[in-house]
Amino acid sequence: MEELYNPQQLEQATQEFWQAHNSFAVQQDDSREKFYCLAMFPYPSGKLHMGHVRNYTIADVIARYQRMQGRNVLQPMGWDAFGMPAENAAIQNNVPPAQWTADNISEMRSQLQRLGFAYDWDRELATCDPNYYRWEQWFFTRLFDKGLAYKKQAVVNWCETDQTVLANEQVEDGCCWRCHNPVVQRDIDQWFIKITDYAEQLLADLDKLDAWPERVRTMQRNWIGRSEGVSLSFGLPGGDPLEVYTTRPDTLMGATYVAVAPQHPVAKQAAASNPELAAFIEAQSQVKVAEADMATMEKLGMATGISAVHPLTGAEVPIWVGNFVLMSYGSGAVMSVPGHDQRDWEFARKYGLPIVQVIAPLDDERCDLEVAAFVEKGRTVNSGEFDGLDFEAAFNAIADRLESEGKGERSVNFRLRDWGVSRQRYWGTPIPIINCGDCGAVPVPEKDLPVVLPTDVKFEGVGSPLKKMPEFYEVDCPKCGQAARRETDTFDTFMESSWYYARYACPQNDQVMLDGEADYWAPVDQYVGGIEHAILHLLYARFYHKLLRDEGLVNSDEPFTRLLTQGMVLKDGAKMSKSKGNTVDPQSLIDRYGADTVRLFSMFAAPPEQSLEWSNSGVEGAHRFLKRLWKLAANHFAAGEPPPLESDSLDDNQRNVRRKTHETIAKVSDDYGRRQTFNTAVAAVMELTNALGSLQSRAGQDLAVEREALQAAILMLAPIVPHISHVLWQAAGREGSVMDAAWPTVDESALVKDSFELVVQVNGKVRAKMEIAANTDKATAEALALEQPNVQKFLQGVSVRKVIVVPGKLVNIVAN
């Protein structure tokens, strides 16, 4: 082998070997245990950043390790190719989004290949390809036929900058998750999928995901937001009762008013004869406030002049229009208990409404409702026959009364709302619906799928060009044949990313959405991606998988068995970003140091779940280690073939080095497989290579021990630095690729020690340490411990009461 480490040369040669042998292509093989390893696919923005490198290196390390365990490993790659950035680039650069996207994919594919990731490129897909999204359209028509997809006018989150609707999950701190500009509320026709029908399943099945980070499961539980409460009715004169939901029926006797949303029918009815109220409602409809800001905004309201009848007392309570009530949540009406809800208290104080205490602290401490609402659970007061009850007893007693009188019932509510999937943008999957004046919404027949998105378009400013293309939207109704209009909204891009993992199983199949291979590969055994996708992507994918299951396309309940959420890449304590000007170009590092150095630094600098602080010296250190490894191997192989290793004839130093080899194998195997702490695995291999310096020569059993250690090191490093490991494996006279070699196994006999360090304590404090033979019996260990001079010093003038011997570890002498 060459004397000097030349990463560019050896990495190119290794990648040519992989390409020539189609090393990463896999097929279904029922005789082998499968392992599906997947990292969240990227948006094709043009160039990889260090976050990409870290994310994909983590997944590649896991995939290669599992392959060396003998499993049939699938690791695919594709492109989350639709979305608003392509439209913005089209406007800025006067380049069609399709061309911009294709160019970026080509560039990023080349970079991923340069990093040596073990992807089955035969399965590559892009979500903007009609061969992909036709099946998404087909599946949507199935959901429509089942009543799981529907269209309605709703108050939605609207991003003025991107001119599109956002799901609640896409609003972060009142701003658009992409452009970070404020989000407002707007009434608009919107397509929804009934994720709420699956709320119980989505919540219950989180308990099955014991290989997911608890933080992610908690975030999903909170977002689904299951609550147990009571749905109850306030009577209305001459009309249907006013329905409300509460989780605190124990406070019902303290309800002093009811608040309704400005869009509520009761508000509109009252406004018909009240110009002042009508003006207020109109003014509120013009105020665009993001849902996230509702809790902190100024509370405004106006009395309707209508009273509702309290379901238990029969007392009249006024109905107010409140700007803090959303028509899109529940019934658009809330029972207001200002004594025990801070929002209701603030509103009542502002408008002089009664505040009544009906809950007292359990510890009998005084609560001052002049200062704030008392929102804790306690015991009922001022509640008539319900006085003196704790929360649970009051909940049940009041719920029982309401149910017996037909004025309410126990119910379960969810914070989760149906998934709004339509967007008023161009670069996305066309929604396969035709809107007919006579027939309403009609799904596009299967024979006419896919509805292909036109790619030869020009952007003239704000809005989707599809709305200006009659050649696209003017069609005949499939039902009645009359002139109709094709839907010009496109799907939210989370539709594409919610099932791509399954399509990797059969990306070339043009006959069905998913075939038998999907059942073989699904679920994904290891998924890797950022914590920021805990709700945006992971909840939608879990829901979509259950829809696929119920359509008979997969036979599992969950899409991802094990989840690893990697930390961010930081520089000077801040997340790398173009806007901050603190990015590092991975390509320049690859050109200078080689892909293996970049991969090694990414894995060695921090555990996967923690943030990685960028360090130029760390990159250089990783490169120096690879050069030392290369030199060590070159000198070893130059010494010729070693004799067979004779474990029974090794001297003490050789046995110690060999023990170090097998201790390292045991540790690194656990680090890769169970703990997934690749930084400590690298550190352990580094220690092993350092330990080889204690061998006296490169001859005889010294050379044999070194060969065993060096081969183990090459195998253990192969998932992280596959190029240098491939070349060194072949230099050792091995055929084929190191990734197809078996993972090293521990020789338990090599771990046996001839001696160990015995710790001696007096009354729990360490007073001596000594090296003794491994086969020393307890009596001898006790005697040797008592003879130690420093132990004798602390036993003077006292009596030994007890001697506790822990075999192989310590002796504790109890004296007083």
# chains A, B, ... in the order shown; residues from 1 in each chain; ligands from 1
$ select_by_dssp --residues "region 206-345 of chain A" --states "strand (DSSP E)" --output "ChimeraX atom specification"
/A:226-236,239-246,257-260,301-309,316-322,333-336
$ select_by_dssp --residues "region 766-805 of chain A" --states "helix (DSSP H, G or I)" --output "PDB file with N, CA and C atoms, in the first residue's frame"
ATOM      1  N   LYS A 778     -11.336 -15.373  49.307  1.00  0.00           N
ATOM      2  CA  LYS A 778     -11.793 -14.288  50.172  1.00  0.00           C
ATOM      3  C   LYS A 778     -10.947 -14.180  51.435  1.00  0.00           C
ATOM      4  N   ALA A 779     -10.591 -15.302  52.011  1.00  0.00           N
ATOM      5  CA  ALA A 779      -9.813 -15.272  53.251  1.00  0.00           C
ATOM      6  C   ALA A 779      -8.448 -14.647  53.022  1.00  0.00           C
ATOM      7  N   THR A 780      -7.825 -15.009  51.921  1.00  0.00           N
ATOM      8  CA  THR A 780      -6.498 -14.453  51.610  1.00  0.00           C
ATOM      9  C   THR A 780      -6.605 -12.964  51.310  1.00  0.00           C
ATOM     10  N   ALA A 781      -7.645 -12.560  50.552  1.00  0.00           N
ATOM     11  CA  ALA A 781      -7.835 -11.146  50.242  1.00  0.00           C
ATOM     12  C   ALA A 781      -8.028 -10.340  51.524  1.00  0.00           C
ATOM     13  N   GLU A 782      -8.774 -10.904  52.484  1.00  0.00           N
ATOM     14  CA  GLU A 782      -8.991 -10.219  53.761  1.00  0.00           C
ATOM     15  C   GLU A 782      -7.688 -10.068  54.529  1.00  0.00           C
ATOM     16  N   ALA A 783      -6.904 -11.147  54.554  1.00  0.00           N
ATOM     17  CA  ALA A 783      -5.634 -11.100  55.287  1.00  0.00           C
ATOM     18  C   ALA A 783      -4.682 -10.084  54.663  1.00  0.00           C
ATOM     19  N   LEU A 784      -4.572 -10.079  53.333  1.00  0.00           N
ATOM     20  CA  LEU A 784      -3.689  -9.133  52.649  1.00  0.00           C
ATOM     21  C   LEU A 784      -4.124  -7.694  52.908  1.00  0.00           C
ATOM     22  N   ALA A 785      -5.435  -7.476  52.955  1.00  0.00           N
ATOM     23  CA  ALA A 785      -5.944  -6.126  53.195  1.00  0.00           C
ATOM     24  C   ALA A 785      -5.570  -5.642  54.590  1.00  0.00           C
ATOM     25  N   LEU A 786      -5.701  -6.512  55.576  1.00  0.00           N
ATOM     26  CA  LEU A 786      -5.400  -6.135  56.951  1.00  0.00           C
ATOM     27  C   LEU A 786      -3.915  -5.866  57.172  1.00  0.00           C
ATOM     28  N   GLU A 787      -3.063  -6.435  56.315  1.00  0.00           N
ATOM     29  CA  GLU A 787      -1.616  -6.270  56.462  1.00  0.00           C
ATOM     30  C   GLU A 787      -1.108  -4.948  55.892  1.00  0.00           C
ATOM     31  N   PRO A 789       0.108  -1.365  55.432  1.00  0.00           N
ATOM     32  CA  PRO A 789       0.575  -0.418  56.459  1.00  0.00           C
ATOM     33  C   PRO A 789      -0.410   0.728  56.702  1.00  0.00           C
ATOM     34  N   ASN A 790      -0.947   1.285  55.639  1.00  0.00           N
ATOM     35  CA  ASN A 790      -1.860   2.425  55.828  1.00  0.00           C
ATOM     36  C   ASN A 790      -3.165   1.984  56.457  1.00  0.00           C
ATOM     37  N   VAL A 791      -3.549   0.720  56.229  1.00  0.00           N
ATOM     38  CA  VAL A 791      -4.747   0.196  56.872  1.00  0.00           C
ATOM     39  C   VAL A 791      -4.488   0.007  58.363  1.00  0.00           C
ATOM     40  N   GLN A 792      -3.299  -0.545  58.697  1.00  0.00           N
ATOM     41  CA  GLN A 792      -2.943  -0.748  60.092  1.00  0.00           C
ATOM     42  C   GLN A 792      -2.950   0.563  60.871  1.00  0.00           C
ATOM     43  N   LYS A 793      -2.525   1.628  60.194  1.00  0.00           N
ATOM     44  CA  LYS A 793      -2.491   2.956  60.808  1.00  0.00           C
ATOM     45  C   LYS A 793      -3.870   3.390  61.290  1.00  0.00           C
ATOM     46  N   PHE A 794      -4.893   3.084  60.504  1.00  0.00           N
ATOM     47  CA  PHE A 794      -6.242   3.504  60.868  1.00  0.00           C
ATOM     48  C   PHE A 794      -6.974   2.493  61.750  1.00  0.00           C
ATOM     49  N   LEU A 795      -6.299   1.379  62.047  1.00  0.00           N
ATOM     50  CA  LEU A 795      -6.906   0.391  62.942  1.00  0.00           C
ATOM     51  C   LEU A 795      -6.337   0.456  64.356  1.00  0.00           C
TER      52      LEU A 795
END
$ residues_around --residues "Phe459 (chain A)" --least-positions-apart "5" --cutoff "9 Å" --atoms "only C-alpha atoms" --output "PyMOL selection string"
chain A and resi 87+90-91+94+96+464-465
$ write_last_selection --atoms "C-alpha atoms" --output "PDB file, in the first residue's frame"
ATOM      1  CA  GLU A  87     -41.428  29.683  -6.242  1.00  0.00           C
ATOM      2  CA  ALA A  90     -38.386  31.470  -9.695  1.00  0.00           C
ATOM      3  CA  ILE A  91     -39.504  35.032  -9.008  1.00  0.00           C
ATOM      4  CA  ASN A  94     -36.647  34.169 -13.533  1.00  0.00           C
ATOM      5  CA  PRO A  96     -39.035  27.950 -13.699  1.00  0.00           C
ATOM      6  CA  SER A 464     -50.548  31.083  -8.151  1.00  0.00           C
ATOM      7  CA  PRO A 465     -50.254  31.161 -11.961  1.00  0.00           C
TER       8      PRO A 465
END
$ closest_residue --among "A:Ile188, A:Ala348, A:Ile590, A:Ile62" --to "Arg114 (chain A)" --atoms "only C-alpha atoms"
A:Ile590
$ closest_residue --among "A:Thr313, A:Met84, A:Ile195, A:Trp138" --to "Gln424 (chain A)" --atoms "only C-alpha atoms"
A:Met84
$ closest_residue --among "A:Phe280, A:Trp427, A:Tyr245, A:Phe678" --to "Lys407 (chain A)" --atoms "only C-alpha atoms"
A:Tyr245
$ closest_atom_pairs --of "region 232-276 of chain A" --to "region 373-380 of chain A" --cutoff "10 Å" --atoms "only C-alpha atoms" --output "Markdown table"
| residue | atom | partner | partner_atom | distance |
| --- | --- | --- | --- | --- |
| A:Arg248 | CA | A:Lys377 | CA | 8.9 |
| A:Asp250 | CA | A:Thr380 | CA | 7.1 |
| A:Thr251 | CA | A:Thr380 | CA | 7.8 |
| A:Met253 | CA | A:Thr380 | CA | 9.3 |
$ closest_residue --among "A:Ala638, A:Ala595, A:Leu751, A:Gly808" --to "Ala666 (chain A)" --atoms "only C-alpha atoms"
A:Leu751
$ residues_around --residues "region 547-556 of chain A" --least-positions-apart "4" --cutoff "10 Å" --atoms "only C-alpha atoms" --output "list in words"
Phe139, Arg142, Leu143, Leu148, Ile195, Tyr198, Trp499, Ala502, Val512, Met513, Leu514, Asp515, Gly516, Glu517, Ala518, Asp519, Tyr520, Trp521, Ala522, Pro523, Ala541, Arg542, Phe543 and Phe560 of chain A
$ closest_residue --among "A:Trp743, A:Phe140, A:Met686, A:Gln654" --to "Arg624 (chain A)" --atoms "only C-alpha atoms"
A:Met686
$ closest_atom_pairs --of "region 534-647 of chain A" --to "region 223-232 of chain A" --cutoff "12 Å" --atoms "only C-alpha atoms" --output "JSON lines"
{"residue": "A:Ala534", "atom": "CA", "partner": "A:Trp223", "partner_atom": "CA", "distance": 10.1}
{"residue": "A:Ile535", "atom": "CA", "partner": "A:Trp223", "partner_atom": "CA", "distance": 7.7}
{"residue": "A:Leu536", "atom": "CA", "partner": "A:Trp223", "partner_atom": "CA", "distance": 10.5}
{"residue": "A:Leu538", "atom": "CA", "partner": "A:Trp223", "partner_atom": "CA", "distance": 12.0}
{"residue": "A:Leu539", "atom": "CA", "partner": "A:Ile224", "partner_atom": "CA", "distance": 9.3}
{"residue": "A:Tyr540", "atom": "CA", "partner": "A:Ile224", "partner_atom": "CA", "distance": 11.6}
{"residue": "A:Phe543", "atom": "CA", "partner": "A:Ile224", "partner_atom": "CA", "distance": 11.8}
$ residues_around --residues "Pro338 (chain A)" --least-positions-apart "4" --cutoff "6 Å" --atoms "only C-alpha atoms" --output "ChimeraX atom specification"
/A:344-345,355
$ write_last_selection --atoms "C-alpha atoms" --output "compact mmCIF listing (two decimals), in the first residue's frame"
# COMPACT_ATOMS: atom_id res chain seq x y z
CA ASP A 344 -62.59 35.21 31.84
CA TRP A 345 -61.51 37.24 34.91
CA ILE A 355 -67.11 37.43 39.59
$ closest_residue --among "A:Ala118, A:Ala272, A:Leu728, A:Ala259" --to "Met335 (chain A)" --atoms "only C-alpha atoms"
A:Ala259
$ residues_around --residues "Gly621 (chain A)" --least-positions-apart "4" --cutoff "10 Å" --atoms "only C-alpha atoms" --output "ChimeraX atom specification"
/A:597,600-601,615-617,625-627
$ write_last_selection --atoms "all heavy atoms" --output "compact mmCIF listing (two decimals), in the first residue's frame"
# COMPACT_ATOMS: atom_id res chain seq x y z
N THR A 597 -12.68 12.31 6.81
CA THR A 597 -12.38 13.26 7.89
C THR A 597 -13.62 14.00 8.32
O THR A 597 -13.89 14.19 9.51
CB THR A 597 -11.30 14.25 7.44
OG1 THR A 597 -10.05 13.57 7.31
CG2 THR A 597 -11.13 15.38 8.45
N LEU A 600 -15.81 11.59 10.22
CA LEU A 600 -15.24 11.27 11.53
C LEU A 600 -15.46 12.42 12.51
O LEU A 600 -15.85 12.20 13.66
CB LEU A 600 -13.76 10.95 11.39
CG LEU A 600 -13.02 10.59 12.69
CD1 LEU A 600 -13.62 9.34 13.32
CD2 LEU A 600 -11.53 10.39 12.43
N PHE A 601 -15.18 13.64 12.08
CA PHE A 601 -15.39 14.78 12.97
C PHE A 601 -16.86 14.88 13.38
O PHE A 601 -17.18 15.13 14.55
CB PHE A 601 -14.96 16.08 12.30
CG PHE A 601 -15.40 17.30 13.06
CD1 PHE A 601 -14.75 17.67 14.22
CD2 PHE A 601 -16.48 18.06 12.62
CE1 PHE A 601 -15.18 18.78 14.95
CE2 PHE A 601 -16.90 19.17 13.34
CZ PHE A 601 -16.25 19.53 14.51
N SER A 615 -15.57 23.10 15.22
CA SER A 615 -14.19 23.33 15.64
C SER A 615 -13.24 23.02 14.50
O SER A 615 -13.17 21.86 14.05
CB SER A 615 -13.86 22.44 16.86
OG SER A 615 -12.48 22.40 17.10
N ASN A 616 -12.53 24.03 14.02
CA ASN A 616 -11.53 23.79 12.96
C ASN A 616 -10.45 22.85 13.45
O ASN A 616 -9.99 21.98 12.72
CB ASN A 616 -10.91 25.11 12.52
CG ASN A 616 -11.91 26.01 11.78
OD1 ASN A 616 -12.83 25.50 11.14
ND2 ASN A 616 -11.74 27.30 11.88
N SER A 617 -10.05 23.03 14.72
CA SER A 617 -9.01 22.16 15.27
C SER A 617 -9.51 20.73 15.39
O SER A 617 -8.75 19.77 15.26
CB SER A 617 -8.55 22.68 16.63
OG SER A 617 -9.63 22.68 17.57
N PHE A 625 -5.69 11.82 13.04
CA PHE A 625 -5.90 10.44 13.47
C PHE A 625 -5.93 9.49 12.28
O PHE A 625 -5.34 8.40 12.33
CB PHE A 625 -7.21 10.31 14.26
CG PHE A 625 -7.59 8.87 14.52
CD1 PHE A 625 -6.88 8.10 15.43
CD2 PHE A 625 -8.63 8.28 13.83
CE1 PHE A 625 -7.22 6.77 15.66
CE2 PHE A 625 -8.98 6.95 14.04
CZ PHE A 625 -8.26 6.19 14.96
N LEU A 626 -6.61 9.87 11.20
CA LEU A 626 -6.66 9.00 10.03
C LEU A 626 -5.27 8.81 9.42
O LEU A 626 -4.93 7.73 8.94
CB LEU A 626 -7.64 9.56 9.01
CG LEU A 626 -9.13 9.54 9.43
CD1 LEU A 626 -10.01 10.12 8.34
CD2 LEU A 626 -9.59 8.14 9.81
N LYS A 627 -4.47 9.86 9.44
CA LYS A 627 -3.09 9.73 8.93
C LYS A 627 -2.29 8.78 9.82
O LYS A 627 -1.49 7.97 9.32
CB LYS A 627 -2.42 11.10 8.86
CG LYS A 627 -2.97 11.99 7.76
CD LYS A 627 -2.05 13.16 7.44
CE LYS A 627 -1.95 14.14 8.56
NZ LYS A 627 -1.15 15.33 8.21
$ residues_around --residues "Pro608 (chain A)" --least-positions-apart "4" --cutoff "8 Å" --atoms "only C-alpha atoms" --output "ChimeraX atom specification"
/A:58,564-567,603,676-678
$ atom_distance --atom1 "CA of Gln284 (chain A)" --atom2 "CA of Asn323 (chain A)"
6.9 Å
